[in-house]
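Trainee: Sending over data_25.json (JSON, C-alpha atoms).
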[["chain", "number", "residue", "atom", "x", "y", "z"],
["A", 1, "MET", "CA", -23.36, -14.24, -38.78],
["A", 2, "LYS", "CA", -25.25, -11.01, -39.46],
["A", 3, "TYR", "CA", -26.65, -12.34, -42.75],
["A", 4, "ALA", "CA", -26.95, -16.05, -41.91],
["A", 5, "ARG", "CA", -30.75, -16.03, -41.74],
["A", 6, "LEU", "CA", -31.00, -13.91, -44.86],
["A", 7, "ARG", "CA", -28.99, -16.52, -46.76],
["A", 8, "GLU", "CA", -31.17, -19.32, -45.35],
["A", 9, "ALA", "CA", -34.21, -17.43, -46.66],
["A", 10, "GLY", "CA", -32.64, -17.23, -50.11],
["A", 11, "ILE", "CA", -32.03, -13.48, -49.93],
["A", 12, "ASN", "CA", -28.77, -12.09, -51.32],
["A", 13, "GLU", "CA", -27.31, -9.62, -48.83],
["A", 14, "SER", "CA", -25.60, -7.76, -51.68],
["A", 15, "GLU", "CA", -29.05, -6.88, -53.02],
["A", 16, "ILE", "CA", -30.72, -5.83, -49.79],
["A", 17, "GLU", "CA", -29.83, -5.21, -46.17],
["A", 18, "TYR", "CA", -32.85, -5.08, -43.87],
["A", 19, "GLY", "CA", -31.30, -2.99, -41.12],
["A", 20, "GLU", "CA", -28.50, -2.43, -38.68],
["A", 21, "ILE", "CA", -28.31, -5.21, -36.07],
["A", 22, "VAL", "CA", -27.12, -4.39, -32.56],
["A", 23, "GLN", "CA", -26.49, -7.26, -30.15],
["A", 24, "SER", "CA", -27.25, -6.49, -26.51],
["A", 25, "HIS", "CA", -24.67, -7.83, -24.05],
["A", 26, "LYS", "CA", -27.05, -7.48, -21.11],
["A", 27, "HIS", "CA", -29.84, -9.48, -22.79],
["A", 28, "PRO", "CA", -28.32, -12.18, -25.02],
["A", 29, "ASN", "CA", -31.73, -13.23, -26.40],
["A", 30, "TYR", "CA", -32.57, -9.70, -27.52],
["A", 31, "ARG", "CA", -31.50, -8.04, -30.76],
["A", 32, "PHE", "CA", -32.31, -4.53, -31.90],
["A", 33, "ILE", "CA", -32.64, -4.26, -35.67],
["A", 34, "GLN", "CA", -33.02, -0.68, -36.84],
["A", 35, "LEU", "CA", -35.08, -0.06, -39.96],
["A", 36, "ASP", "CA", -37.96, 2.05, -41.23],
["A", 37, "ILE", "CA", -41.27, 0.16, -41.28],
["A", 38, "ALA", "CA", -42.24, 2.28, -44.30],
["A", 39, "ASP", "CA", -39.47, 0.53, -46.26],
["A", 40, "ARG", "CA", -41.41, -2.36, -47.79],
["A", 41, "ASP", "CA", -38.45, -4.28, -49.22],
["A", 42, "ARG", "CA", -36.50, -4.32, -45.98],
["A", 43, "MET", "CA", -39.60, -5.23, -43.98],
["A", 44, "ASN", "CA", -40.21, -8.22, -46.26],
["A", 45, "ALA", "CA", -36.57, -9.25, -45.97],
["A", 46, "LEU", "CA", -36.73, -8.99, -42.18],
["A", 47, "PHE", "CA", -39.86, -11.16, -41.92],
["A", 48, "ALA", "CA", -38.55, -13.70, -44.42],
["A", 49, "ALA", "CA", -35.29, -14.04, -42.50],
["A", 50, "GLU", "CA", -36.61, -14.04, -38.94],
["A", 51, "LYS", "CA", -39.77, -16.16, -39.41],
["A", 52, "PHE", "CA", -41.72, -14.56, -36.57],
["A", 53, "ALA", "CA", -44.60, -16.53, -35.03],
["A", 54, "SER", "CA", -46.10, -13.43, -33.38],
["A", 55, "VAL", "CA", -45.51, -9.72, -33.94],
["A", 56, "ILE", "CA", -46.08, -6.80, -31.55],
["A", 57, "ASN", "CA", -46.18, -3.55, -33.51],
["A", 58, "LEU", "CA", -45.62, -0.47, -31.33],
["A", 59, "ALA", "CA", -43.96, 1.52, -34.12],
["A", 60, "ALA", "CA", -45.76, 4.74, -35.01],
["A", 61, "GLN", "CA", -45.50, 8.49, -35.28],
["A", 62, "ALA", "CA", -47.19, 9.41, -32.01],
["A", 63, "GLY", "CA", -48.70, 12.59, -30.60],
["A", 64, "VAL", "CA", -51.80, 14.61, -31.39],
["A", 65, "ARG", "CA", -50.32, 18.12, -31.54],
["A", 66, "TYR", "CA", -47.46, 17.41, -33.94],
["A", 67, "SER", "CA", -49.95, 15.93, -36.40],
["A", 68, "LEU", "CA", -51.56, 19.38, -36.72],
["A", 69, "VAL", "CA", -48.40, 20.92, -38.16],
["A", 70, "ASN", "CA", -46.66, 17.99, -39.85],
["A", 71, "PRO", "CA", -49.12, 15.32, -41.00],
["A", 72, "GLN", "CA", -46.88, 13.52, -43.51],
["A", 73, "PRO", "CA", -44.89, 11.42, -40.97],
["A", 74, "TYR", "CA", -48.20, 10.04, -39.68],
["A", 75, "VAL", "CA", -49.10, 8.82, -43.15],
["A", 76, "ASN", "CA", -45.63, 7.36, -43.72],
["A", 77, "SER", "CA", -45.38, 5.50, -40.40],
["A", 78, "ASN", "CA", -48.96, 4.85, -39.36],
["A", 79, "ILE", "CA", -50.52, 4.09, -42.73],
["A", 80, "VAL", "CA", -47.76, 3.01, -45.14],
["A", 81, "GLY", "CA", -45.72, 1.41, -42.35],
["A", 82, "PHE", "CA", -48.72, -0.44, -40.94],
["A", 83, "ILE", "CA", -49.78, -1.89, -44.29],
["A", 84, "ASN", "CA", -46.19, -3.12, -44.69],
["A", 85, "VAL", "CA", -46.49, -4.87, -41.31],
["A", 86, "LEU", "CA", -49.79, -6.46, -42.32],
["A", 87, "GLU", "CA", -48.45, -7.60, -45.69],
["A", 88, "ALA", "CA", -45.30, -9.04, -44.12],
["A", 89, "CYS", "CA", -47.42, -10.92, -41.57],
["A", 90, "ARG", "CA", -49.69, -12.23, -44.31],
["A", 91, "HIS", "CA", -46.92, -13.50, -46.56],
["A", 92, "HIS", "CA", -44.52, -14.88, -43.95],
["A", 93, "GLY", "CA", -46.67, -17.10, -41.75],
["A", 94, "VAL", "CA", -47.21, -14.83, -38.74],
["A", 95, "GLU", "CA", -49.91, -16.33, -36.53],
["A", 96, "HIS", "CA", -50.84, -13.30, -34.42],
["A", 97, "LEU", "CA", -50.34, -9.53, -34.78],
["A", 98, "ILE", "CA", -50.74, -7.33, -31.70],
["A", 99, "TYR", "CA", -50.62, -3.59, -32.38],
["A", 100, "ALA", "CA", -50.93, -0.32, -30.48],
["A", 101, "SER", "CA", -54.02, 1.74, -31.09],
["A", 102, "SER", "CA", -54.97, 4.76, -28.97],
["A", 103, "SER", "CA", -57.69, 6.26, -26.81],
["A", 104, "SER", "CA", -57.55, 9.16, -29.29],
["A", 105, "VAL", "CA", -59.81, 7.18, -31.64],
["A", 106, "TYR", "CA", -62.78, 7.97, -29.37],
["A", 107, "GLY", "CA", -62.63, 11.59, -30.59],
["A", 108, "LEU", "CA", -65.85, 13.46, -29.92],
["A", 109, "ASN", "CA", -67.41, 10.62, -27.89],
["A", 110, "ARG", "CA", -68.63, 11.83, -24.51],
["A", 111, "LYS", "CA", -70.28, 8.74, -23.01],
["A", 112, "MET", "CA", -68.00, 7.64, -20.17],
["A", 113, "PRO", "CA", -66.34, 5.28, -19.59],
["A", 114, "LEU", "CA", -65.18, 4.81, -23.17],
["A", 115, "SER", "CA", -65.93, 1.31, -24.42],
["A", 116, "THR", "CA", -64.59, -0.67, -27.37],
["A", 117, "SER", "CA", -68.21, -1.46, -28.25],
["A", 118, "ASP", "CA", -68.82, 2.27, -28.92],
["A", 119, "ASN", "CA", -68.76, 3.76, -32.41],
["A", 120, "VAL", "CA", -65.55, 5.74, -33.15],
["A", 121, "ASP", "CA", -66.42, 7.55, -36.38],
["A", 122, "HIS", "CA", -65.51, 11.05, -35.18],
["A", 123, "PRO", "CA", -61.74, 11.39, -34.59],
["A", 124, "ILE", "CA", -60.53, 14.99, -34.18],
["A", 125, "SER", "CA", -56.85, 14.68, -35.14],
["A", 126, "LEU", "CA", -54.95, 13.05, -37.95],
["A", 127, "TYR", "CA", -53.12, 10.94, -35.36],
["A", 128, "ALA", "CA", -56.47, 9.57, -34.15],
["A", 129, "ALA", "CA", -57.64, 9.00, -37.72],
["A", 130, "SER", "CA", -54.45, 7.10, -38.52],
["A", 131, "LYS", "CA", -54.98, 4.83, -35.50],
["A", 132, "LYS", "CA", -58.58, 4.14, -36.45],
["A", 133, "SER", "CA", -57.28, 3.35, -39.95],
["A", 134, "ASN", "CA", -54.97, 0.74, -38.39],
["A", 135, "GLU", "CA", -57.97, -0.94, -36.78],
["A", 136, "LEU", "CA", -59.89, -0.99, -40.06],
["A", 137, "MET", "CA", -56.90, -2.33, -42.00],
["A", 138, "ALA", "CA", -56.33, -5.04, -39.40],
["A", 139, "HIS", "CA", -60.00, -6.02, -39.60],
["A", 140, "THR", "CA", -59.71, -6.42, -43.36],
["A", 141, "TYR", "CA", -56.69, -8.72, -43.08],
["A", 142, "SER", "CA", -58.37, -10.77, -40.37],
["A", 143, "HIS", "CA", -61.44, -11.17, -42.58],
["A", 144, "LEU", "CA", -59.70, -11.84, -45.89],
["A", 145, "PHE", "CA", -56.62, -13.79, -44.84],
["A", 146, "GLY", "CA", -57.42, -15.22, -41.41],
["A", 147, "LEU", "CA", -54.62, -13.22, -39.73],
["A", 148, "ALA", "CA", -55.35, -13.02, -36.01],
["A", 149, "THR", "CA", -55.09, -9.35, -35.00],
["A", 150, "THR", "CA", -55.47, -7.71, -31.59],
["A", 151, "GLY", "CA", -55.62, -3.91, -31.30],
["A", 152, "LEU", "CA", -54.86, -2.36, -27.91],
["A", 153, "ARG", "CA", -56.13, 1.15, -27.26],
["A", 154, "PHE", "CA", -53.59, 2.73, -24.91],
["A", 155, "PHE", "CA", -54.79, 5.41, -22.49],
["A", 156, "THR", "CA", -52.23, 8.18, -21.69],
["A", 157, "VAL", "CA", -49.20, 6.05, -20.95],
["A", 158, "TYR", "CA", -46.56, 7.47, -18.58],
["A", 159, "GLY", "CA", -43.46, 6.26, -16.77],
["A", 160, "PRO", "CA", -39.67, 5.91, -17.14],
["A", 161, "TRP", "CA", -38.24, 6.26, -20.65],
["A", 162, "GLY", "CA", -41.39, 8.03, -21.81],
["A", 163, "ARG", "CA", -41.47, 10.47, -24.71],
["A", 164, "PRO", "CA", -39.96, 13.85, -23.76],
["A", 165, "ASP", "CA", -42.88, 15.67, -25.41],
["A", 166, "MET", "CA", -45.43, 14.10, -23.06],
["A", 167, "ALA", "CA", -47.01, 16.31, -20.38],
["A", 168, "PHE", "CA", -45.65, 14.42, -17.37],
["A", 169, "PHE", "CA", -42.10, 14.73, -18.74],
["A", 170, "LEU", "CA", -42.45, 18.41, -19.67],
["A", 171, "PHE", "CA", -44.03, 19.27, -16.30],
["A", 172, "THR", "CA", -41.31, 17.54, -14.29],
["A", 173, "GLU", "CA", -38.50, 19.14, -16.27],
["A", 174, "ALA", "CA", -39.98, 22.65, -16.06],
["A", 175, "ILE", "CA", -40.86, 22.46, -12.35],
["A", 176, "ILE", "CA", -37.33, 21.34, -11.44],
["A", 177, "LYS", "CA", -35.88, 24.21, -13.52],
["A", 178, "GLY", "CA", -38.31, 26.75, -12.10],
["A", 179, "GLU", "CA", -39.78, 27.40, -15.53],
["A", 180, "PRO", "CA", -43.52, 27.90, -16.21],
["A", 181, "ILE", "CA", -45.68, 25.07, -17.44],
["A", 182, "LYS", "CA", -48.56, 25.36, -19.90],
["A", 183, "VAL", "CA", -51.78, 24.03, -18.37],
["A", 184, "PHE", "CA", -54.25, 23.51, -21.19],
["A", 185, "ASN", "CA", -58.01, 23.53, -20.70],
["A", 186, "HIS", "CA", -57.23, 25.43, -17.46],
["A", 187, "GLY", "CA", -56.38, 22.14, -15.76],
["A", 188, "ASN", "CA", -59.87, 20.72, -16.23],
["A", 189, "SER", "CA", -59.01, 17.97, -18.71],
["A", 190, "ILE", "CA", -59.44, 14.44, -17.40],
["A", 191, "ARG", "CA", -57.11, 11.60, -18.36],
["A", 192, "ASP", "CA", -56.95, 7.91, -17.54],
["A", 193, "PHE", "CA", -53.19, 7.96, -16.82],
["A", 194, "THR", "CA", -51.82, 4.43, -17.20],
["A", 195, "TYR", "CA", -48.40, 3.40, -15.91],
["A", 196, "ILE", "CA", -46.10, 1.67, -18.39],
["A", 197, "ASP", "CA", -45.86, -1.58, -16.37],
["A", 198, "ASP", "CA", -49.62, -2.03, -16.60],
["A", 199, "ILE", "CA", -49.51, -1.45, -20.35],
["A", 200, "VAL", "CA", -46.76, -4.06, -20.72],
["A", 201, "GLU", "CA", -48.81, -6.55, -18.71],
["A", 202, "GLY", "CA", -51.75, -6.02, -21.07],
["A", 203, "ILE", "CA", -49.57, -6.53, -24.15],
["A", 204, "VAL", "CA", -48.13, -9.78, -22.77],
["A", 205, "ARG", "CA", -51.58, -11.07, -21.87],
["A", 206, "ALA", "CA", -52.90, -10.22, -25.33],
["A", 207, "MET", "CA", -49.98, -12.00, -26.96],
["A", 208, "GLY", "CA", -51.00, -15.21, -25.23],
["A", 209, "SER", "CA", -54.67, -14.90, -26.25],
["A", 210, "PRO", "CA", -55.03, -14.67, -30.04],
["A", 211, "PRO", "CA", -58.65, -14.03, -31.09],
["A", 212, "ALA", "CA", -60.57, -16.82, -32.77],
["A", 213, "GLY", "CA", -63.59, -14.90, -33.99],
["A", 214, "ASP", "CA", -66.92, -14.07, -32.36],
["A", 215, "PRO", "CA", -69.58, -16.73, -33.09],
["A", 216, "GLU", "CA", -72.29, -14.39, -31.73],
["A", 217, "TRP", "CA", -71.34, -11.42, -33.92],
["A", 218, "ASN", "CA", -74.53, -9.90, -35.34],
["A", 219, "LYS", "CA", -74.56, -8.23, -38.77],
["A", 220, "SER", "CA", -77.73, -6.35, -37.87],
["A", 221, "ASP", "CA", -76.20, -4.95, -34.70],
["A", 222, "PRO", "CA", -72.43, -5.22, -35.20],
["A", 223, "ASN", "CA", -70.04, -4.91, -32.27],
["A", 224, "PRO", "CA", -67.10, -2.75, -33.51],
["A", 225, "SER", "CA", -64.62, -4.53, -31.22],
["A", 226, "THR", "CA", -65.18, -8.08, -32.51],
["A", 227, "ALA", "CA", -65.82, -9.81, -35.84],
["A", 228, "PRO", "CA", -66.61, -13.22, -37.32],
["A", 229, "GLY", "CA", -62.92, -13.48, -38.16],
["A", 230, "PRO", "CA", -59.98, -13.48, -35.72],
["A", 231, "TYR", "CA", -60.14, -9.77, -34.83],
["A", 232, "ARG", "CA", -60.30, -8.09, -31.39],
["A", 233, "LEU", "CA", -59.98, -4.67, -29.78],
["A", 234, "TYR", "CA", -59.27, -3.97, -26.11],
["A", 235, "ASN", "CA", -58.81, -0.90, -23.93],
["A", 236, "LEU", "CA", -55.66, -0.73, -21.81],
["A", 237, "GLY", "CA", -56.24, 1.92, -19.16],
["A", 238, "ASN", "CA", -55.98, 2.43, -15.43],
["A", 239, "ASN", "CA", -59.76, 2.79, -15.05],
["A", 240, "GLN", "CA", -59.10, 5.70, -12.65],
["A", 241, "PRO", "CA", -59.53, 9.05, -14.47],
["A", 242, "VAL", "CA", -57.63, 11.97, -12.95],
["A", 243, "LYS", "CA", -58.06, 15.72, -13.42],
["A", 244, "LEU", "CA", -55.01, 17.37, -15.00],
["A", 245, "SER", "CA", -54.74, 19.84, -12.11],
["A", 246, "ASP", "CA", -54.57, 16.89, -9.66],
["A", 247, "PHE", "CA", -51.93, 15.19, -11.82],
["A", 248, "ILE", "CA", -49.77, 18.33, -11.64],
["A", 249, "ARG", "CA", -50.32, 18.56, -7.88],
["A", 250, "GLU", "CA", -49.04, 15.00, -7.46],
["A", 251, "ILE", "CA", -45.86, 15.87, -9.35],
["A", 252, "GLU", "CA", -45.45, 19.00, -7.21],
["A", 253, "ASP", "CA", -45.91, 17.03, -3.99],
["A", 254, "GLN", "CA", -43.34, 14.42, -4.90],
["A", 255, "LEU", "CA", -40.80, 16.98, -6.12],
["A", 256, "ASN", "CA", -41.56, 19.18, -3.09],
["A", 257, "LEU", "CA", -41.68, 22.11, -5.50],
["A", 258, "LYS", "CA", -44.44, 24.38, -6.76],
["A", 259, "ALA", "CA", -45.16, 24.80, -10.45],
["A", 260, "VAL", "CA", -45.41, 28.17, -12.13],
["A", 261, "LYS", "CA", -48.62, 27.68, -14.12],
["A", 262, "GLU", "CA", -49.71, 29.41, -17.29],
["A", 263, "TYR", "CA", -53.34, 28.52, -18.01],
["A", 264, "ALA", "CA", -54.58, 28.20, -21.58],
["A", 265, "ASP", "CA", -57.63, 26.99, -23.52],
["A", 266, "ILE", "CA", -57.86, 23.42, -24.74],
["A", 267, "GLN", "CA", -55.70, 22.78, -27.80],
["A", 268, "PRO", "CA", -57.13, 21.80, -31.20],
["A", 269, "GLY", "CA", -57.19, 18.02, -31.56],
["A", 270, "ASP", "CA", -57.25, 17.39, -27.80],
["A", 271, "VAL", "CA", -60.22, 15.70, -26.13],
["A", 272, "ALA", "CA", -61.61, 16.95, -22.84],
["A", 273, "ALA", "CA", -61.71, 13.57, -21.11],
["A", 274, "THR", "CA", -60.65, 9.94, -21.38],
["A", 275, "TYR", "CA", -61.80, 7.13, -19.10],
["A", 276, "ALA", "CA", -61.24, 3.50, -20.10],
["A", 277, "ASP", "CA", -63.85, 0.81, -19.70],
["A", 278, "VAL", "CA", -61.55, -2.18, -19.11],
["A", 279, "GLY", "CA", -64.25, -4.64, -18.07],
["A", 280, "THR", "CA", -63.89, -6.76, -21.21],
["A", 281, "THR", "CA", -60.09, -6.66, -20.96],
["A", 282, "ILE", "CA", -60.29, -7.91, -17.37],
["A", 283, "ARG", "CA", -62.77, -10.69, -18.22],
["A", 284, "GLU", "CA", -61.09, -11.97, -21.38],
["A", 285, "LEU", "CA", -57.38, -11.34, -20.70],
["A", 286, "GLY", "CA", -57.23, -11.32, -16.91],
["A", 287, "TYR", "CA", -55.79, -7.81, -17.13],
["A", 288, "GLN", "CA", -55.74, -5.81, -13.91],
["A", 289, "PRO", "CA", -53.99, -2.41, -13.67],
["A", 290, "LYS", "CA", -52.11, -2.28, -10.36],
["A", 291, "THR", "CA", -50.17, 1.00, -10.29],
["A", 292, "SER", "CA", -51.72, 3.97, -8.50],
["A", 293, "LEU", "CA", -51.00, 7.49, -9.73],
["A", 294, "ARG", "CA", -48.92, 8.24, -6.62],
["A", 295, "GLU", "CA", -46.78, 5.12, -7.10],
["A", 296, "GLY", "CA", -46.40, 5.69, -10.84],
["A", 297, "ILE", "CA", -45.33, 9.33, -10.47],
["A", 298, "SER", "CA", -42.91, 8.30, -7.71],
["A", 299, "GLN", "CA", -41.33, 5.69, -9.98],
["A", 300, "PHE", "CA", -41.03, 8.16, -12.85],
["A", 301, "ILE", "CA", -39.46, 10.93, -10.75],
["A", 302, "HIS", "CA", -37.00, 8.46, -9.19],
["A", 303, "TRP", "CA", -35.96, 7.40, -12.70],
["A", 304, "TYR", "CA", -35.80, 11.01, -13.91],
["A", 305, "ARG", "CA", -33.47, 12.07, -11.08],
["A", 306, "GLU", "CA", -31.20, 9.07, -11.65],
["A", 307, "TYR", "CA", -31.14, 9.42, -15.43],
["A", 308, "TYR", "CA", -30.27, 13.11, -15.38],
["A", 309, "GLY", "CA", -28.01, 12.87, -12.34],
["A", 310, "LEU", "CA", -30.07, 15.23, -10.19]]
Now, as a test, write the supplied structure out as structure tokens.

Mentor:
Amino acid sequence: MKYARLREAGINESEIEYGEIVQSHKHPNYRFIQLDIADRDRMNALFAAEKFASVINLAAQAGVRYSLVNPQPYVNSNIVGFINVLEACRHHGVEHLIYASSSSVYGLNRKMPLSTSDNVDHPISLYAASKKSNELMAHTYSHLFGLATTGLRFFTVYGPWGRPDMAFFLFTEAIIKGEPIKVFNHGNSIRDFTYIDDIVEGIVRAMGSPPAGDPEWNKSDPNPSTAPGPYRLYNLGNNQPVKLSDFIREIEDQLNLKAVKEYADIQPGDVAATYADVGTTIRELGYQPKTSLREGISQFIHWYREYYGL
């Protein structure tokens, strides 16, 4: 059973295994297949066997700060891995690729809110540069091969099952333990914190709206977020920027505990502010973020207490 689709695709399982398959008993229509997207042969075998109509690529080495000390995983996952995804889509009949980009691509931009029609030529971390590279690579495949691609720039996603290295996770853990938290940029950074449910809604809406190309695209005044080919970029944000100090205060209020704060300067690679212009996303996809910061933090802390048995 494990190799049935491989055999149908004419692939000999003795020559290549594309990954470990785990069947979920709770969700019979869901399978988790573990493999490295930087492994080109297994990626091709996976796509040949599964015959995907659409692909949502959320696989990446994430995080700005880690990219300062260990850049190689970003190249392996975000560059090599992403070209493998594009090539597999191209050669195996995928109709639409949706992929995660990041608000980090805006880099040194200071005009707020940040719009997909703005130039993003000044990233300030390798992570951001790798995400902009994804957008450029996707554009090339849309132009050359007619592959419909939609890039979604996520703005500071938070919520249950989030990465343990994210600020909201670190703050909650430290405050509960009575340990100090590092508050960079002296709490003055501004972020468009976006709850995971709103991100998921945006992904689902994008999946149902493959781009067809912009007939009004102007070579003399090009819009970076569209193209003559089937290429599109959207922001997925809450459209409600929040000061970091206020974000921490909300966590404190809902834990009914006070944080021990250690203030520090802004870290290299970090941007001072993010604020998503989601007007185009609302108009074209019907996207509408619904989760307030108070509700989102409440949901996360409820999950955190349950998960860790507190």

Trainee: With 12 Å as the threshold, what does the neighbourhood of (-60.5, 17.9, -15.5) contain in terms of residues, counting only C-alpha atoms? Coordinates are those of the file; answer as a PyMOL selection string.

Mentor: chain A and resi 183-192+241-248+266+271-275

Trainee: Out of A:Asn44, A:Ser103, A:Asn223, A:Ser142, which residue has the shortest atom-to-atom distance to Ala88 (chain A) when counting all atoms listed in the file?

Mentor: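 Among A:Asn44, A:Ser103, A:Asn223, A:Ser142, it is A:Asn44 that comes nearest to Ala88 (chain A).
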
Trainee: Mind pulling up the distance from CA of Glu252 (chain A) to CA of Thr172 (chain A)?

Mentor: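 One can read the CA of Thr172 (chain A) to CA of Glu252 (chain A) distance as 8.3 Å.
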
Trainee: Set the distance at 9 Å and use only C-alpha atoms: which residues neighbour Ile196 (chain A) once local chain neighbours fewer than 5 positions away are removed? I'd like the list as a PyMOL selection string.

Mentor: chain A and resi 157-160+162+201+296

Trainee: Report, in Å to a single decimal, how far apart CA of Met207 (chain A) and CA of Arg294 (chain A) are.

Mentor: 28.7 Å

Trainee: Quick one: pull the distance between CA of Ser225 (chain A) and CA of Gly81 (chain A), Å, one decimal.

Mentor: 22.7 Å

Trainee: So which one's closest to Glu262 (chain A), A:Phe145, A:Tyr106, A:Phe193, A:Phe171? Using all atoms listed in the file, please.

Mentor: A:Phe171

Trainee: Residues near Arg232 (chain A), anyone? I mean within 9 Å using all atoms listed in the file, not counting same-chain ones fewer than 6 positions away, as a tab-separated table (two decimals) with C-alpha atoms, in the frame of the given file.

Mentor:
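File written: result-v1.tsv
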chain	number	residue	atom	x	y	z
A	139	HIS	CA	-60.00	-6.02	-39.60
A	148	ALA	CA	-55.35	-13.02	-36.01
A	149	THR	CA	-55.09	-9.35	-35.00
A	150	THR	CA	-55.47	-7.71	-31.59
A	151	GLY	CA	-55.62	-3.91	-31.30
A	152	LEU	CA	-54.86	-2.36	-27.91
A	210	PRO	CA	-55.03	-14.67	-30.04
A	211	PRO	CA	-58.65	-14.03	-31.09
A	212	ALA	CA	-60.57	-16.82	-32.77
A	213	GLY	CA	-63.59	-14.90	-33.99
A	214	ASP	CA	-66.92	-14.07	-32.36
A	224	PRO	CA	-67.10	-2.75	-33.51
A	225	SER	CA	-64.62	-4.53	-31.22
A	226	THR	CA	-65.18	-8.08	-32.51

Trainee: Choose the residue, out of A:Asn109, A:Ser209, A:Asn84, A:Asn57, that has the smallest atom-to-atom separation from Ala45 (chain A); count all atoms listed in the file.

Mentor: A:Asn84

Trainee: Skipping near chain neighbours, those fewer than 5 positions away, what residues fall within 9 Å of region 117-129 of chain A using only C-alpha atoms, listed as a PyMOL selection string?

Mentor: chain A and resi 61-68+71+74-75+78+101-109+111+134+222-226+233+268-271

Trainee: Between A:His96, A:Lys177, A:Arg42, A:Lys219, which has the minimum distance to Leu257 (chain A) (counting all atoms listed in the file)?

Mentor: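 Distance minimum relative to Leu257 (chain A) lands on A:Lys177.
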
Trainee: Restricting the calculation to all atoms listed in the file: of A:Gly208, A:Pro228, A:Gly202, A:Gly309, which residue gets closest to Pro289 (chain A)?

Mentor: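 Smallest separation from Pro289 (chain A) among the options: A:Gly202.
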
Trainee: May I have the protein, DNA and RNA residues with an atom at most 7 Å from (-55.5, 0.0, -19.4), counting all atoms listed in the file in the file's coordinates, returned as a PyMOL selection string?

Mentor: chain A and resi 154-155+194+198-199+235-239+276+278+289

Trainee: Identify which of the residues A:Phe82, A:Ala167, A:Ile176, A:Ser115 lies closest to Glu135 (chain A), counting all atoms listed in the file when measuring atom-to-atom distances.

Mentor: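 Among A:Phe82, A:Ala167, A:Ile176, A:Ser115, it is A:Phe82 that comes nearest to Glu135 (chain A).
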